[in-house]
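Structure file entry02.pdb; described as PDB, C-alpha atoms and all ligand atoms.
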MODEL        1
ATOM      1  CA  MET A  25      36.604 -21.519  -0.609
ATOM      2  CA  GLN A  26      39.946 -23.105  -1.657
ATOM      3  CA  LEU A  27      40.554 -23.000  -5.412
ATOM      4  CA  SER A  28      42.481 -25.173  -7.874
ATOM      5  CA  PRO A  29      45.400 -23.610  -9.813
ATOM      6  CA  THR A  30      43.158 -23.088 -12.896
ATOM      7  CA  ALA A  31      40.405 -21.511 -10.820
ATOM      8  CA  LYS A  32      42.941 -19.329  -8.995
ATOM      9  CA  SER A  33      44.444 -18.180 -12.276
ATOM     10  CA  LEU A  34      41.024 -16.765 -13.214
ATOM     11  CA  PHE A  35      41.355 -14.259 -10.408
ATOM     12  CA  THR A  36      44.889 -13.192 -11.358
ATOM     13  CA  ALA A  37      45.255 -10.527 -14.041
ATOM     14  CA  LEU A  38      46.418 -11.606 -17.496
ATOM     15  CA  PRO A  39      49.430  -9.829 -19.070
ATOM     16  CA  GLY A  40      48.656  -6.355 -20.466
ATOM     17  CA  PRO A  41      49.033  -7.237 -24.162
ATOM     18  CA  VAL A  42      46.687 -10.250 -23.809
ATOM     19  CA  ARG A  43      44.107  -8.073 -22.061
ATOM     20  CA  GLY A  44      44.460  -5.261 -24.597
ATOM     21  CA  GLY A  45      43.876  -7.571 -27.563
ATOM     22  CA  ALA A  46      41.217  -9.770 -25.947
ATOM     23  CA  ALA A  47      38.112  -8.179 -27.489
ATOM     24  CA  GLU A  48      39.590  -8.307 -30.980
ATOM     25  CA  THR A  49      40.958 -11.847 -30.666
ATOM     26  CA  TYR A  50      37.627 -13.099 -29.317
ATOM     27  CA  LEU A  51      35.649 -11.282 -32.005
ATOM     28  CA  LYS A  52      37.749 -12.952 -34.715
ATOM     29  CA  TYR A  53      37.075 -16.347 -33.144
ATOM     30  CA  LEU A  54      33.364 -15.627 -32.752
ATOM     31  CA  LYS A  55      32.864 -14.369 -36.304
ATOM     32  CA  ALA A  56      34.668 -17.398 -37.727
ATOM     33  CA  ARG A  57      32.655 -19.807 -35.559
ATOM     34  CA  GLU A  58      29.228 -18.171 -35.545
ATOM     35  CA  GLY A  59      28.911 -16.298 -38.846
ATOM     36  CA  ARG A  60      26.608 -13.307 -39.178
ATOM     37  CA  LEU A  61      24.585 -12.037 -36.250
ATOM     38  CA  ASP A  62      20.987 -11.042 -36.966
ATOM     39  CA  LEU A  63      19.127  -9.411 -34.105
ATOM     40  CA  ALA A  64      15.723  -9.404 -35.848
ATOM     41  CA  THR A  65      15.667 -13.188 -36.133
ATOM     42  CA  ARG A  66      17.932 -13.701 -33.121
ATOM     43  CA  THR A  67      20.204 -15.963 -35.070
ATOM     44  CA  LEU A  68      23.868 -16.608 -35.787
ATOM     45  CA  SER A  69      24.109 -17.819 -39.375
ATOM     46  CA  GLN A  70      26.586 -20.640 -38.822
ATOM     47  CA  ARG A  71      24.806 -21.910 -35.795
ATOM     48  CA  GLU A  72      21.429 -22.333 -37.466
ATOM     49  CA  PRO A  73      22.193 -25.454 -39.580
ATOM     50  CA  PHE A  74      22.801 -27.401 -36.361
ATOM     51  CA  PHE A  75      19.330 -26.508 -35.083
ATOM     52  CA  VAL A  76      17.718 -27.268 -38.443
ATOM     53  CA  ARG A  77      19.299 -30.749 -38.347
ATOM     54  CA  MET A  78      18.042 -31.250 -34.790
ATOM     55  CA  ALA A  79      14.509 -30.180 -35.722
ATOM     56  CA  GLU A  80      14.495 -32.494 -38.740
ATOM     57  CA  GLN A  81      15.473 -35.474 -36.633
ATOM     58  CA  PRO A  82      13.514 -35.123 -33.402
ATOM     59  CA  VAL A  83      14.391 -37.463 -30.550
ATOM     60  CA  ARG A  84      11.869 -38.354 -27.855
ATOM     61  CA  ALA A  85      12.452 -40.301 -24.665
ATOM     62  CA  THR A  86      10.016 -43.131 -23.996
ATOM     63  CA  MET A  87      10.326 -42.992 -20.208
ATOM     64  CA  ASP A  88       7.390 -42.650 -17.841
ATOM     65  CA  LEU A  89       7.211 -39.069 -16.671
ATOM     66  CA  ASP A  90       4.566 -37.351 -14.582
ATOM     67  CA  HIS A  91       4.112 -34.241 -16.728
ATOM     68  CA  ALA A  92       1.601 -32.626 -14.373
ATOM     69  CA  ARG A  93       4.033 -32.978 -11.485
ATOM     70  CA  PHE A  94       6.845 -31.521 -13.571
ATOM     71  CA  HIS A  95       4.791 -28.465 -14.549
ATOM     72  CA  ARG A  96       3.500 -27.986 -10.999
ATOM     73  CA  ASN A  97       7.046 -27.906  -9.679
ATOM     74  CA  HIS A  98       8.272 -25.778 -12.542
ATOM     75  CA  ALA A  99       5.741 -23.143 -11.535
ATOM     76  CA  SER A 100       6.678 -23.373  -7.853
ATOM     77  CA  ASP A 101       9.640 -22.012  -5.852
ATOM     78  CA  GLN A 102       9.580 -24.977  -3.482
ATOM     79  CA  PRO A 103      10.178 -28.456  -4.873
ATOM     80  CA  GLU A 104       7.743 -31.103  -3.617
ATOM     81  CA  ALA A 105       9.118 -33.825  -1.387
ATOM     82  CA  ASP A 106      10.335 -37.097  -2.900
ATOM     83  CA  LEU A 107      10.906 -35.930  -6.451
ATOM     84  CA  SER A 108      12.847 -38.535  -8.413
ATOM     85  CA  ARG A 109      16.399 -37.692  -9.443
ATOM     86  CA  GLU A 110      15.278 -37.682 -13.079
ATOM     87  CA  MET A 111      12.585 -35.122 -12.241
ATOM     88  CA  LEU A 112      15.072 -33.004 -10.266
ATOM     89  CA  TRP A 113      17.417 -33.013 -13.249
ATOM     90  CA  LEU A 114      14.691 -31.929 -15.659
ATOM     91  CA  LEU A 115      13.542 -29.173 -13.298
ATOM     92  CA  ALA A 116      17.130 -28.028 -12.765
ATOM     93  CA  VAL A 117      17.561 -27.774 -16.550
ATOM     94  CA  ALA A 118      14.251 -25.910 -16.885
ATOM     95  CA  LYS A 119      15.287 -23.389 -14.231
ATOM     96  CA  ALA A 120      19.019 -23.182 -15.027
ATOM     97  CA  ASN A 121      18.692 -20.245 -17.342
ATOM     98  CA  ARG A 122      15.907 -18.211 -15.795
ATOM     99  CA  THR A 123      18.049 -15.420 -14.473
ATOM    100  CA  GLU A 124      20.215 -15.303 -17.580
ATOM    101  CA  CYS A 125      17.208 -15.251 -19.892
ATOM    102  CA  TYR A 126      15.537 -12.489 -17.873
ATOM    103  CA  GLY A 127      18.856 -10.596 -17.787
ATOM    104  CA  MET A 128      19.400 -10.898 -21.511
ATOM    105  CA  GLU A 129      15.928  -9.613 -22.363
ATOM    106  CA  ALA A 130      16.427  -6.679 -19.951
ATOM    107  CA  HIS A 131      19.846  -5.997 -21.468
ATOM    108  CA  ILE A 132      18.433  -5.993 -25.018
ATOM    109  CA  VAL A 133      15.742  -3.491 -23.969
ATOM    110  CA  VAL A 134      18.148  -1.216 -22.018
ATOM    111  CA  ASN A 135      21.372  -1.454 -24.041
ATOM    112  CA  GLY A 136      20.433  -3.087 -27.354
ATOM    113  CA  ILE A 137      22.646  -5.386 -29.429
ATOM    114  CA  LEU A 138      24.623  -4.389 -32.514
ATOM    115  CA  ASP A 139      24.097  -6.733 -35.436
ATOM    116  CA  GLY A 140      25.333  -7.496 -38.954
ATOM    117  CA  GLU A 141      28.597  -5.756 -39.831
ATOM    118  CA  LYS A 142      28.402  -3.674 -36.660
ATOM    119  CA  ALA A 143      28.197  -6.653 -34.307
ATOM    120  CA  ASP A 144      30.959  -6.440 -31.717
ATOM    121  CA  THR A 145      32.344  -8.975 -29.255
ATOM    122  CA  GLN A 146      29.673  -8.265 -26.659
ATOM    123  CA  ALA A 147      26.916  -8.643 -29.249
ATOM    124  CA  TYR A 148      28.127 -12.159 -30.090
ATOM    125  CA  VAL A 149      28.402 -13.074 -26.409
ATOM    126  CA  ASP A 150      24.849 -11.792 -25.857
ATOM    127  CA  MET A 151      23.497 -13.748 -28.803
ATOM    128  CA  GLN A 152      25.153 -16.926 -27.533
ATOM    129  CA  GLU A 153      23.245 -16.387 -24.292
ATOM    130  CA  VAL A 154      20.016 -16.133 -26.294
ATOM    131  CA  TYR A 155      20.899 -19.513 -27.842
ATOM    132  CA  HIS A 156      21.379 -21.035 -24.395
ATOM    133  CA  THR A 157      17.720 -20.529 -23.591
ATOM    134  CA  ARG A 158      16.771 -22.140 -26.885
ATOM    135  CA  ILE A 159      19.174 -25.036 -26.232
ATOM    136  CA  LEU A 160      17.659 -25.771 -22.825
ATOM    137  CA  LEU A 161      14.162 -25.781 -24.323
ATOM    138  CA  ASP A 162      15.425 -28.281 -26.926
ATOM    139  CA  VAL A 163      16.902 -30.492 -24.194
ATOM    140  CA  LEU A 164      13.523 -30.608 -22.441
ATOM    141  CA  ARG A 165      11.803 -31.310 -25.752
ATOM    142  CA  CYS A 166      13.807 -34.578 -25.921
ATOM    143  CA  PHE A 167      11.766 -35.609 -22.867
ATOM    144  CA  GLY A 168       8.453 -34.465 -24.344
ATOM    145  CA  LEU A 169       8.360 -31.310 -22.214
ATOM    146  CA  GLU A 170       7.315 -27.928 -23.599
ATOM    147  CA  ILE A 171       7.777 -24.997 -21.260
ATOM    148  CA  GLU A 172       7.986 -21.258 -21.162
ATOM    149  CA  ILE A 173      10.993 -19.992 -19.212
ATOM    150  CA  GLY A 174       9.711 -18.684 -15.875
ATOM    151  CA  ARG A 175      10.709 -15.426 -14.171
ATOM    152  CA  PRO A 176      13.501 -15.605 -11.588
ATOM    153  CA  ALA A 177      12.861 -14.698  -7.942
ATOM    154  CA  LEU A 178      12.522 -11.022  -6.982
ATOM    155  CA  ALA A 179      16.066 -10.773  -5.531
ATOM    156  CA  ALA A 180      17.548 -12.131  -8.765
ATOM    157  CA  ARG A 181      15.420  -9.721 -10.832
ATOM    158  CA  ILE A 182      16.650  -6.764  -8.795
ATOM    159  CA  SER A 183      20.306  -7.762  -9.115
ATOM    160  CA  VAL A 184      19.885  -8.340 -12.874
ATOM    161  CA  GLN A 185      18.286  -4.927 -13.341
ATOM    162  CA  ALA A 186      21.208  -3.380 -11.447
ATOM    163  CA  MET A 187      23.743  -5.324 -13.535
ATOM    164  CA  VAL A 188      22.348  -4.212 -16.883
ATOM    165  CA  ARG A 189      22.202  -0.580 -15.761
ATOM    166  CA  LEU A 190      25.550  -0.374 -13.958
ATOM    167  CA  PRO A 191      28.639   0.646 -15.934
ATOM    168  CA  GLN A 192      30.215  -2.563 -17.253
ATOM    169  CA  ARG A 193      33.426  -2.152 -15.254
ATOM    170  CA  VAL A 194      31.375  -2.183 -12.039
ATOM    171  CA  ALA A 195      29.247  -5.139 -13.107
ATOM    172  CA  LEU A 196      32.135  -7.213 -14.530
ATOM    173  CA  PRO A 197      33.344  -8.853 -11.278
ATOM    174  CA  LEU A 198      29.818 -10.121 -10.678
ATOM    175  CA  ILE A 199      29.514 -11.239 -14.299
ATOM    176  CA  LEU A 200      32.797 -13.201 -14.045
ATOM    177  CA  CYS A 201      31.483 -15.004 -10.962
ATOM    178  CA  SER A 202      28.161 -15.734 -12.688
ATOM    179  CA  GLU A 203      29.893 -17.150 -15.785
ATOM    180  CA  PHE A 204      32.177 -19.291 -13.622
ATOM    181  CA  ILE A 205      29.311 -20.650 -11.528
ATOM    182  CA  ALA A 206      27.122 -21.261 -14.604
ATOM    183  CA  THR A 207      29.905 -23.315 -16.191
ATOM    184  CA  VAL A 208      30.253 -25.480 -13.088
ATOM    185  CA  VAL A 209      26.457 -25.934 -12.956
ATOM    186  CA  PHE A 210      26.278 -27.124 -16.568
ATOM    187  CA  ARG A 211      29.242 -29.483 -16.060
ATOM    188  CA  LEU A 212      27.477 -31.065 -13.100
ATOM    189  CA  LEU A 213      24.198 -31.278 -15.026
ATOM    190  CA  LEU A 214      26.065 -33.084 -17.816
ATOM    191  CA  ASP A 215      27.642 -35.504 -15.318
ATOM    192  CA  ARG A 216      24.397 -36.211 -13.471
ATOM    193  CA  GLY A 217      22.472 -36.424 -16.734
ATOM    194  CA  ARG A 218      24.830 -39.093 -18.048
ATOM    195  CA  GLU A 219      24.290 -41.150 -14.890
ATOM    196  CA  LEU A 220      20.517 -40.796 -15.129
ATOM    197  CA  PHE A 221      19.892 -41.012 -18.871
ATOM    198  CA  GLY A 222      23.031 -42.662 -20.285
ATOM    199  CA  HIS A 223      21.040 -45.895 -20.696
ATOM    200  CA  MET A 224      18.975 -44.137 -23.395
ATOM    201  CA  PRO A 225      21.792 -43.573 -25.903
ATOM    202  CA  GLU A 226      19.804 -41.676 -28.525
ATOM    203  CA  VAL A 227      18.209 -39.288 -26.042
ATOM    204  CA  TRP A 228      21.372 -38.740 -24.052
ATOM    205  CA  SER A 229      23.458 -38.197 -27.161
ATOM    206  CA  ARG A 230      21.055 -35.426 -28.239
ATOM    207  CA  ALA A 231      20.701 -33.815 -24.816
ATOM    208  CA  SER A 232      24.426 -33.905 -24.089
ATOM    209  CA  THR A 233      25.362 -32.526 -27.523
ATOM    210  CA  LEU A 234      23.084 -29.583 -26.793
ATOM    211  CA  LEU A 235      24.437 -28.994 -23.281
ATOM    212  CA  GLN A 236      28.035 -29.267 -24.500
ATOM    213  CA  GLN A 237      27.387 -26.298 -26.788
ATOM    214  CA  ILE A 238      26.577 -24.221 -23.724
ATOM    215  CA  MET A 239      29.773 -25.411 -22.021
ATOM    216  CA  ILE A 240      31.985 -24.337 -24.921
ATOM    217  CA  ASP A 241      30.331 -20.898 -25.033
ATOM    218  CA  GLU A 242      30.440 -20.341 -21.283
ATOM    219  CA  VAL A 243      34.137 -21.199 -20.989
ATOM    220  CA  GLY A 244      34.811 -18.558 -23.665
ATOM    221  CA  HIS A 245      32.706 -16.058 -21.705
ATOM    222  CA  ILE A 246      34.721 -16.736 -18.562
ATOM    223  CA  SER A 247      37.989 -16.187 -20.370
ATOM    224  CA  TYR A 248      36.843 -12.975 -22.055
ATOM    225  CA  CYS A 249      35.410 -11.588 -18.835
ATOM    226  CA  HIS A 250      38.642 -12.502 -17.013
ATOM    227  CA  ALA A 251      40.663 -10.606 -19.635
ATOM    228  CA  ARG A 252      38.570  -7.480 -19.177
ATOM    229  CA  LEU A 253      39.349  -7.185 -15.484
ATOM    230  CA  GLY A 254      42.444  -5.777 -13.788
ATOM    231  CA  PRO A 255      43.829  -6.784 -10.366
ATOM    232  CA  LEU A 256      41.303  -4.697  -8.436
ATOM    233  CA  GLY A 257      38.256  -6.045 -10.277
ATOM    234  CA  LEU A 258      39.585  -9.583 -10.008
ATOM    235  CA  SER A 259      40.063  -9.377  -6.262
ATOM    236  CA  ALA A 260      36.506  -8.050  -6.016
ATOM    237  CA  ALA A 261      35.339 -11.032  -8.078
ATOM    238  CA  ARG A 262      37.275 -13.479  -5.887
ATOM    239  CA  ALA A 263      35.660 -11.959  -2.800
ATOM    240  CA  LEU A 264      32.197 -12.220  -4.382
ATOM    241  CA  LEU A 265      32.523 -15.848  -5.523
ATOM    242  CA  PRO A 266      31.293 -17.599  -2.337
ATOM    243  CA  ALA A 267      28.224 -15.341  -2.193
ATOM    244  CA  VAL A 268      27.380 -15.943  -5.850
ATOM    245  CA  ALA A 269      27.779 -19.712  -5.318
ATOM    246  CA  ALA A 270      25.531 -19.588  -2.241
ATOM    247  CA  SER A 271      22.852 -17.570  -4.010
ATOM    248  CA  LEU A 272      22.826 -20.040  -6.916
ATOM    249  CA  LEU A 273      22.097 -22.889  -4.504
ATOM    250  CA  SER A 274      19.315 -21.008  -2.752
ATOM    251  CA  ASP A 275      17.813 -19.936  -6.100
ATOM    252  CA  GLN A 276      18.035 -23.321  -7.796
ATOM    253  CA  LYS A 277      16.702 -25.708  -5.228
ATOM    254  CA  GLU A 278      16.269 -28.667  -7.549
ATOM    255  CA  PHE A 279      19.892 -28.391  -8.626
ATOM    256  CA  ALA A 280      20.997 -28.165  -4.973
ATOM    257  CA  LEU A 281      18.975 -31.274  -4.098
ATOM    258  CA  LEU A 282      20.271 -33.196  -7.090
ATOM    259  CA  VAL A 283      23.952 -32.378  -6.764
ATOM    260  CA  GLY A 284      24.387 -31.559  -3.086
ATOM    261  CA  ARG A 285      26.215 -28.613  -1.547
ATOM    262  CA  ALA A 286      29.437 -30.508  -0.915
ATOM    263  CA  ARG A 287      29.779 -31.755  -4.509
ATOM    264  CA  PHE A 288      29.007 -28.294  -5.870
ATOM    265  CA  ALA A 289      31.632 -26.662  -3.625
ATOM    266  CA  GLU A 290      34.155 -29.324  -4.628
ATOM    267  CA  ALA A 291      33.441 -28.777  -8.350
ATOM    268  CA  CYS A 292      33.932 -25.010  -7.965
ATOM    269  CA  ALA A 293      37.161 -25.523  -6.036
ATOM    270  CA  THR A 294      38.644 -28.057  -8.465
ATOM    271  CA  PHE A 295      37.659 -26.226 -11.671
ATOM    272  CA  ASN A 296      39.938 -27.495 -14.401
ATOM    273  CA  LEU A 297      39.696 -26.692 -18.081
ATOM    274  CA  ASP A 298      40.120 -30.266 -19.382
ATOM    275  CA  ALA A 299      37.662 -31.712 -16.877
ATOM    276  CA  ILE A 300      35.094 -28.993 -17.433
ATOM    277  CA  THR A 301      35.053 -29.451 -21.220
ATOM    278  CA  GLU A 302      35.450 -33.244 -21.148
ATOM    279  CA  GLY A 303      33.580 -34.904 -24.006
ATOM    280  CA  CYS A 304      32.689 -31.577 -25.636
ATOM    281  CA  GLY A 305      34.567 -32.411 -28.844
ATOM    282  CA  GLU A 306      35.710 -28.843 -29.352
ATOM    283  CA  LYS A 307      38.361 -26.700 -27.726
ATOM    284  CA  PRO A 308      36.851 -23.601 -26.143
ATOM    285  CA  PHE A 309      38.166 -20.068 -26.549
ATOM    286  CA  TRP A 310      40.681 -19.531 -23.758
ATOM    287  CA  LEU A 311      43.153 -16.684 -23.313
ATOM    288  CA  GLY A 312      44.939 -17.694 -20.133
ATOM    289  CA  GLU A 313      47.648 -20.241 -19.735
ATOM    290  CA  VAL A 314      46.270 -23.673 -19.037
ATOM    291  CA  SER A 315      47.538 -24.891 -15.715
ATOM    292  CA  VAL A 316      47.067 -28.510 -14.796
ATOM    293  CA  ALA A 317      45.235 -28.885 -11.501
TER     294      ALA A 317
HETATM  295 FE    FE B   1      24.731 -18.810 -20.865
HETATM  296 FE    FE B   2      27.710 -16.796 -20.293
ENDMDL
END

In structure tokens, what does this structure look like?
Ligand SMILES: [Fe+2]
Ligand SMILES: [Fe+2]
Amino acid sequence: MQLSPTAKSLFTALPGPVRGGAAETYLKYLKAREGRLDLATRTLSQREPFFVRMAEQPVRATMDLDHARFHRNHASDQPEADLSREMLWLLAVAKANRTECYGMEAHIVVNGILDGEKADTQAYVDMQEVYHTRILLDVLRCFGLEIEIGRPALAARISVQAMVRLPQRVALPLILCSEFIATVVFRLLLDRGRELFGHMPEVWSRASTLLQQIMIDEVGHISYCHARLGPLGLSAARALLPAVAASLLSDQKEFALLVGRARFAEACATFNLDAITEGCGEKPFWLGEVSVA
């Protein structure tokens, strides 16, 4: 897999002082942006008003949608033949966070999360991941769909259980790859979503605003994870990237059908900070130098 200059720079170690101060710099950013972390209610104080506003002004698409078919496919590992592109997109969104959601719940049980004054950088990152599940449920709600997040496939469950139990320095290369791939997936879902639903301005404005929140968070996660790895860990991550990309496509069949393998590979290879956060209306947290691809 050939990589763009920005993507390549993610697998090259950052200067020592940047790496050494990364956790503190990121924590400052996170506290200022997110406010207080409360594990009991699973909330970040400054993030809640956004969700209250969304709940007060619900948006519902008026399109024809075969709900039974959606739910049947949501419960299945194998998508039915001839699903519309709209249906593939909705299923891809519904399944996008399965592994992460399962992983986060396992992580909370095994390792816990520090909250309030004690909340550290990792705690904020974890709580952002909890929000991602909620965000995806809200996106589906715009289309009149209520779901419970399903369990990922057995192989994904096993690798998640290993990741949450392994020492962080061993798991980090895999986590960097997962954050990178997740960011590319959400970018492509935003692009495809705009093509499919852009003609419904109110619905698309709501759904894209929600998905853009995930993008901003995930780019920060990539940068922080990058900063925590040295040359050895980063070369391990670079070696793992094609396998992580391949497993995403085999796990998320609706996404693979919607986007296509070639487009996905191209988006991974041409990863560029400006392109990936296009239209997000907020600069993400980023520690590395921004190279123009
Ligand atoms: Fe996430
Ligand atoms: Fe993440």

Practice problem: Go through the shown structure with the PyMOL selection byres (((not hetatm)) within 6 of (chain B and resi 1)) and write out the matching residues as a ChimeraX atom specification. | Solution: /A:153,156,242

Is it possible to get the residues within 12 Å of (36.7, -16.0, -1.7) (coordinates as in the file, counting all atoms listed in the file) written as an mmCIF file with C-alpha atoms, in the coordinates of the input?
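Once written, result_29.cif looks like this:
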data_model
loop_
_atom_site.group_PDB
_atom_site.id
_atom_site.type_symbol
_atom_site.label_atom_id
_atom_site.label_comp_id
_atom_site.auth_asym_id
_atom_site.auth_seq_id
_atom_site.Cartn_x
_atom_site.Cartn_y
_atom_site.Cartn_z
ATOM 1 C CA MET A 25 36.604 -21.519 -0.609
ATOM 2 C CA GLN A 26 39.946 -23.105 -1.657
ATOM 3 C CA LEU A 27 40.554 -23.000 -5.412
ATOM 4 C CA ALA A 31 40.405 -21.511 -10.820
ATOM 5 C CA LYS A 32 42.941 -19.329 -8.995
ATOM 6 C CA PHE A 35 41.355 -14.259 -10.408
ATOM 7 C CA CYS A 201 31.483 -15.004 -10.962
ATOM 8 C CA LEU A 258 39.585 -9.583 -10.008
ATOM 9 C CA SER A 259 40.063 -9.377 -6.262
ATOM 10 C CA ALA A 260 36.506 -8.050 -6.016
ATOM 11 C CA ALA A 261 35.339 -11.032 -8.078
ATOM 12 C CA ARG A 262 37.275 -13.479 -5.887
ATOM 13 C CA ALA A 263 35.660 -11.959 -2.800
ATOM 14 C CA LEU A 264 32.197 -12.220 -4.382
ATOM 15 C CA LEU A 265 32.523 -15.848 -5.523
ATOM 16 C CA PRO A 266 31.293 -17.599 -2.337
ATOM 17 C CA ALA A 267 28.224 -15.341 -2.193
ATOM 18 C CA VAL A 268 27.380 -15.943 -5.850
ATOM 19 C CA ALA A 269 27.779 -19.712 -5.318
ATOM 20 C CA ALA A 270 25.531 -19.588 -2.241
ATOM 21 C CA ALA A 289 31.632 -26.662 -3.625
ATOM 22 C CA CYS A 292 33.932 -25.010 -7.965
ATOM 23 C CA ALA A 293 37.161 -25.523 -6.036
#

Exercise. Run through the PyMOL selection byres (((chain A and resi 87) around 10) and not hetatm) on the given coordinates and return the selected residues as a count of residues only.
Key: 10

Exercise. Grab me every residue within 10 Å of ligand FE 2 (chain B), counting all atoms listed in the file, and send it over as an NGL selection string.
Key: :A and (124 or 149-154 or 156 or 199-200 or 202-207 or 238-246 or 249)

Exercise. Tell me which protein, DNA and RNA residues are within 12 Å of Ala64 of chain A, counting only C-alpha atoms, leaving out same-chain ones fewer than 5 positions away, and put them as a PyMOL selection string.
Key: chain A and resi 132+136-140+151

Quiz item: When the PyMOL selection byres (((chain A and resi 37-45) around 7) and not hetatm) is applied to the file above, which residues end up in the set, as number ranges by chain?
Solution: A: 35-36, 46-49, 251-255, 312

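Ranking A:Leu198, A:Val163, A:Leu112, A:Val76 by their shortest atom-to-atom distance to Phe279 of chain A, with all atoms listed in the file included, puts A:Leu112 first.
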
Quiz item: If you measure from atom CA of Ala79 of chain A to atom CA of Leu54 of chain A, what distance in Å do you get, rounded to one decimal?
Solution: 24.0 Å

Produce the centre coordinates and the three edge lengths, each in Å to one decimal, of the box along x, y and z that contains all listed atoms of segment 102-107 of chain A with 3 Å added on each side, as AutoDock Vina command-line options.
--center_x 9.3 --center_y -31.0 --center_z -3.9 --size_x 9.2 --size_y 18.1 --size_z 11.1

Quiz item: When you draw a straight line from atom CA of Gly303 of chain A to atom CA of Cys125 of chain A, how long is it in Å?
Solution: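 Distance between the two atoms: 25.9 Å.
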
Practice problem: Could you check which of A:Ser232, A:Arg158, A:Ala143, A:Ala180 is closest to Leu63 of chain A, using all atoms listed in the file? | Solution: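 So, comparing all the options, the nearest one is A:Ala143.
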
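Ranking A:Ala130, A:Ala118, A:Met78, A:Ala99 by their shortest atom-to-atom distance to Gln185 of chain A, with only C-alpha atoms included, puts A:Ala130 first.
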
Practice problem: Compare A:His98, A:Arg181, A:His223, A:Arg71 by their minimum atom-to-atom distance to Gln237 of chain A, counting only C-alpha atoms, and give me the closest one. | Solution: A:Arg71

Per residue of segment 55-123 of chain A within 12 Å of segment 282-288 of chain A, which atom pair is closest and at what distance in Å (one decimal), using all atoms listed in the file, listed by chain and increasing number, as JSON lines?
{"residue": "A:Pro103", "atom": "CA", "partner": "A:Leu282", "partner_atom": "CA", "distance": 11.4}
{"residue": "A:Asp106", "atom": "CA", "partner": "A:Leu282", "partner_atom": "CA", "distance": 11.5}
{"residue": "A:Leu107", "atom": "CA", "partner": "A:Leu282", "partner_atom": "CA", "distance": 9.8}
{"residue": "A:Ser108", "atom": "CA", "partner": "A:Leu282", "partner_atom": "CA", "distance": 9.2}
{"residue": "A:Arg109", "atom": "CA", "partner": "A:Leu282", "partner_atom": "CA", "distance": 6.4}
{"residue": "A:Glu110", "atom": "CA", "partner": "A:Leu282", "partner_atom": "CA", "distance": 9.0}
{"residue": "A:Met111", "atom": "CA", "partner": "A:Leu282", "partner_atom": "CA", "distance": 9.5}
{"residue": "A:Leu112", "atom": "CA", "partner": "A:Leu282", "partner_atom": "CA", "distance": 6.1}
{"residue": "A:Trp113", "atom": "CA", "partner": "A:Leu282", "partner_atom": "CA", "distance": 6.8}
{"residue": "A:Leu114", "atom": "CA", "partner": "A:Leu282", "partner_atom": "CA", "distance": 10.3}
{"residue": "A:Leu115", "atom": "CA", "partner": "A:Leu282", "partner_atom": "CA", "distance": 10.0}
{"residue": "A:Ala116", "atom": "CA", "partner": "A:Leu282", "partner_atom": "CA", "distance": 8.3}
{"residue": "A:Val117", "atom": "CA", "partner": "A:Leu282", "partner_atom": "CA", "distance": 11.2}

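In terms of minimum interatomic distance to Arg57 of chain A, A:Ser69 ranks closest within A:Ser69, A:Asn135, A:Thr30, A:Thr301, counting only C-alpha atoms.
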
Hey, could you patch up segment 216-226 of chain A with N, CA and C atoms and hand it over as a short mmCIF file (atom, residue, chain, number, x, y, z; two decimals), in the frame of the given file?
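File produced: out30.cif:
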data_model
loop_
_atom_site.label_atom_id
_atom_site.label_comp_id
_atom_site.auth_asym_id
_atom_site.auth_seq_id
_atom_site.Cartn_x
_atom_site.Cartn_y
_atom_site.Cartn_z
N ARG A 216 25.57 -35.55 -14.07
CA ARG A 216 24.40 -36.21 -13.47
C ARG A 216 23.47 -36.75 -14.56
N GLY A 217 23.33 -36.00 -15.63
CA GLY A 217 22.47 -36.42 -16.73
C GLY A 217 22.95 -37.73 -17.34
N ARG A 218 24.28 -37.86 -17.48
CA ARG A 218 24.83 -39.09 -18.05
C ARG A 218 24.52 -40.29 -17.14
N GLU A 219 24.61 -40.06 -15.83
CA GLU A 219 24.29 -41.15 -14.89
C GLU A 219 22.81 -41.55 -15.01
N LEU A 220 21.96 -40.54 -15.17
CA LEU A 220 20.52 -40.80 -15.13
C LEU A 220 19.95 -41.28 -16.46
N PHE A 221 20.51 -40.75 -17.56
CA PHE A 221 19.89 -41.01 -18.87
C PHE A 221 20.83 -41.71 -19.86
N GLY A 222 22.04 -42.02 -19.40
CA GLY A 222 23.03 -42.66 -20.28
C GLY A 222 22.53 -43.98 -20.86
N HIS A 223 21.56 -44.62 -20.18
CA HIS A 223 21.04 -45.90 -20.70
C HIS A 223 20.09 -45.69 -21.87
N MET A 224 19.80 -44.41 -22.20
CA MET A 224 18.98 -44.14 -23.40
C MET A 224 19.90 -43.42 -24.39
N PRO A 225 20.70 -44.19 -25.14
CA PRO A 225 21.79 -43.57 -25.90
C PRO A 225 21.35 -42.46 -26.86
N GLU A 226 20.21 -42.68 -27.53
CA GLU A 226 19.80 -41.68 -28.52
C GLU A 226 19.43 -40.36 -27.85
#
